[in-house]
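Novice: Dumping the structure here so I can ask a few things about it.
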Amino acid sequence: MEPAARAPAPPNPAWDWAGLRRSAGLEARRLLRDPHDAEDAAQEAMIRAWRQRESCLCPDAPEGWLRQIARNEALRQHGRVVAHETEPLPERDAAVDGPEDRLVEQLYLDGVLRSLRGQDRLLVLLRYKLDLPDVAIAQRLGIAESTVRVRLHRLKKELRVLIRELR
């Protein structure tokens with residue numbers, strides 16, 4: 001016989017959200033060096049906590065639960081920063097900076113995007129043009145949030161190859 005799954009308790013309406021926000025900020029700053037990155041991670045943690053508040057198994061003491069969410073967000077943020085720092089930028093001519101050159105660059109990027117399949121192109125546009133979070137993209141496309149992350153990861157690799165080929 002399987003043990004019965006413990007149903008989450010309803011959130012305590014008396015939660016000190018300001019205090020929880022401070023805890024999330026402290027936890028994020030503990031893991032991230034850049035205060036702006038830590039602030040972003042803490043804010044994202046608060047959004048996740050609010051959306052998932054029903055899943056807190058200890059509603060009378062939510063700080064540990066929220067600190068774990070903040071840790072997860074800080075680690076995600078760190079991964080984004082590291083990935084951004086290590087991605088090689090496409091080579092550009094230093095003398096190229098005029099409006100005509102920006103137009104050429106935009107047309108070039110449009111060509112790269114057109115080479116993607118329709119669903120993949122939509123995924124890239126939702127993330128990088130509209131700057132939607134994984135959960136919003138997942139809801140909009142009717143797929144799992146983890147699927148969004150995996151597909152975006154694969155698409156970034158594919159885009160790097162496409163950009164190199166078209167240059």
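Following the order of the structure tokens, first chain is A, next is B, and so on, with residues numbered from 1 inside each chain and ligands from 1 in the order they appear.
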Give me the residues within 9 Å of Leu159 (chain A) as an MDAnalysis selection string, counting only C-alpha atoms and dropping any in the same chain fewer than 5 places off.
Specialist: chainID A and resid 112:113 116 154 164
Novice: Keeping C-alpha atoms, export the residues of the selection given above as an mmCIF file, in the first residue's frame.
Specialist:
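Produced file out_3.cif, reproduced below:
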```
data_model
loop_
_atom_site.group_PDB
_atom_site.id
_atom_site.type_symbol
_atom_site.label_atom_id
_atom_site.label_comp_id
_atom_site.auth_asym_id
_atom_site.auth_seq_id
_atom_site.Cartn_x
_atom_site.Cartn_y
_atom_site.Cartn_z
ATOM 1 C CA VAL A 112 18.256 33.549 -38.988
ATOM 2 C CA LEU A 113 14.840 33.472 -37.294
ATOM 3 C CA LEU A 116 13.726 28.149 -37.704
ATOM 4 C CA ARG A 154 18.554 23.357 -27.749
ATOM 5 C CA ARG A 164 28.098 31.073 -37.814
#
```
Novice: Please identify all polymer residues within 12 Å of Gly19 (chain A), counting only C-alpha atoms, omitting same-chain residues fewer than 4 positions from it, and present them as a ChimeraX atom specification.
Specialist: /A:14-15,23-26,46,61-63,66-67
Novice: Just give me the gap between CA of Gln119 (chain A) and CA of Arg151 (chain A) in Å, one decimal is fine.
Specialist: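 Interatomic distance, CA of Gln119 (chain A) to CA of Arg151 (chain A): 10.3 Å.
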Novice: Identify all residues of region 123-156 of chain A in alpha helix (DSSP H) (DSSP on the backbone) and supply them as a PyMOL selection string.
Specialist: chain A and resi 123-124+134-141+145-156
Novice: Residues of the last selection are to be written out with N, CA, C and O atoms, as a CSV table (one decimal), in the first residue's frame.
Specialist:
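again-v4.csv, freshly written:
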```
chain,number,residue,atom,x,y,z
A,123,LEU,N,8.7,30.3,-30.1
A,123,LEU,CA,9.3,30.1,-28.8
A,123,LEU,C,10.4,31.2,-28.6
A,123,LEU,O,10.5,31.8,-27.5
A,124,VAL,N,11.3,31.4,-29.5
A,124,VAL,CA,12.4,32.3,-29.4
A,124,VAL,C,11.8,33.8,-29.3
A,124,VAL,O,12.3,34.6,-28.5
A,134,ASP,N,9.3,31.4,-18.4
A,134,ASP,CA,9.0,30.1,-18.9
A,134,ASP,C,7.6,29.7,-18.6
A,134,ASP,O,6.9,29.1,-19.5
A,135,VAL,N,7.1,30.0,-17.5
A,135,VAL,CA,5.7,29.6,-17.1
A,135,VAL,C,4.7,30.3,-18.1
A,135,VAL,O,3.7,29.6,-18.5
A,136,ALA,N,4.9,31.5,-18.4
A,136,ALA,CA,3.9,32.2,-19.4
A,136,ALA,C,4.0,31.6,-20.8
A,136,ALA,O,3.0,31.4,-21.4
A,137,ILE,N,5.2,31.3,-21.2
A,137,ILE,CA,5.4,30.6,-22.5
A,137,ILE,C,4.8,29.3,-22.5
A,137,ILE,O,4.1,28.9,-23.5
A,138,ALA,N,5.0,28.5,-21.5
A,138,ALA,CA,4.4,27.2,-21.4
A,138,ALA,C,2.9,27.3,-21.4
A,138,ALA,O,2.2,26.5,-22.1
A,139,GLN,N,2.3,28.2,-20.7
A,139,GLN,CA,0.8,28.3,-20.7
A,139,GLN,C,0.3,28.7,-22.1
A,139,GLN,O,-0.6,28.2,-22.6
A,140,ARG,N,1.0,29.7,-22.7
A,140,ARG,CA,0.6,30.2,-24.1
A,140,ARG,C,0.7,29.1,-25.1
A,140,ARG,O,-0.1,29.0,-26.0
A,141,LEU,N,1.8,28.2,-25.0
A,141,LEU,CA,2.0,27.2,-26.0
A,141,LEU,C,1.3,25.8,-25.6
A,141,LEU,O,1.3,24.9,-26.4
A,145,GLU,N,6.5,23.5,-18.6
A,145,GLU,CA,7.5,24.5,-18.3
A,145,GLU,C,8.9,24.0,-18.6
A,145,GLU,O,9.8,24.6,-19.2
A,146,SER,N,9.1,22.7,-18.2
A,146,SER,CA,10.4,22.1,-18.4
A,146,SER,C,10.7,21.9,-19.9
A,146,SER,O,11.8,22.0,-20.3
A,147,THR,N,9.7,21.6,-20.7
A,147,THR,CA,9.8,21.5,-22.1
A,147,THR,C,10.3,22.8,-22.7
A,147,THR,O,11.1,22.9,-23.6
A,148,VAL,N,9.7,23.9,-22.2
A,148,VAL,CA,10.2,25.3,-22.7
A,148,VAL,C,11.7,25.4,-22.4
A,148,VAL,O,12.4,25.8,-23.3
A,149,ARG,N,12.1,25.1,-21.2
A,149,ARG,CA,13.5,25.3,-20.9
A,149,ARG,C,14.4,24.4,-21.8
A,149,ARG,O,15.4,24.9,-22.3
A,150,VAL,N,14.0,23.2,-22.0
A,150,VAL,CA,14.8,22.2,-22.8
A,150,VAL,C,14.9,22.7,-24.2
A,150,VAL,O,16.0,22.8,-24.9
A,151,ARG,N,13.7,23.1,-24.8
A,151,ARG,CA,13.7,23.5,-26.2
A,151,ARG,C,14.5,24.8,-26.4
A,151,ARG,O,15.2,25.0,-27.4
A,152,LEU,N,14.4,25.8,-25.4
A,152,LEU,CA,15.2,27.0,-25.5
A,152,LEU,C,16.7,26.7,-25.5
A,152,LEU,O,17.5,27.3,-26.2
A,153,HIS,N,17.1,25.8,-24.6
A,153,HIS,CA,18.5,25.4,-24.5
A,153,HIS,C,19.0,24.8,-25.9
A,153,HIS,O,20.0,25.2,-26.4
A,154,ARG,N,18.2,23.9,-26.5
A,154,ARG,CA,18.6,23.4,-27.7
A,154,ARG,C,18.6,24.4,-28.9
A,154,ARG,O,19.4,24.4,-29.7
A,155,LEU,N,17.6,25.3,-28.8
A,155,LEU,CA,17.5,26.4,-29.8
A,155,LEU,C,18.7,27.3,-29.8
A,155,LEU,O,19.2,27.8,-30.8
A,156,LYS,N,19.2,27.6,-28.6
A,156,LYS,CA,20.3,28.5,-28.5
A,156,LYS,C,21.5,27.8,-29.2
A,156,LYS,O,22.3,28.5,-29.9
```
Novice: How many Å lie between CA of Arg71 (chain A) and CA of Arg29 (chain A), rounded to one decimal?
Specialist: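 Interatomic distance here is 9.6 Å.
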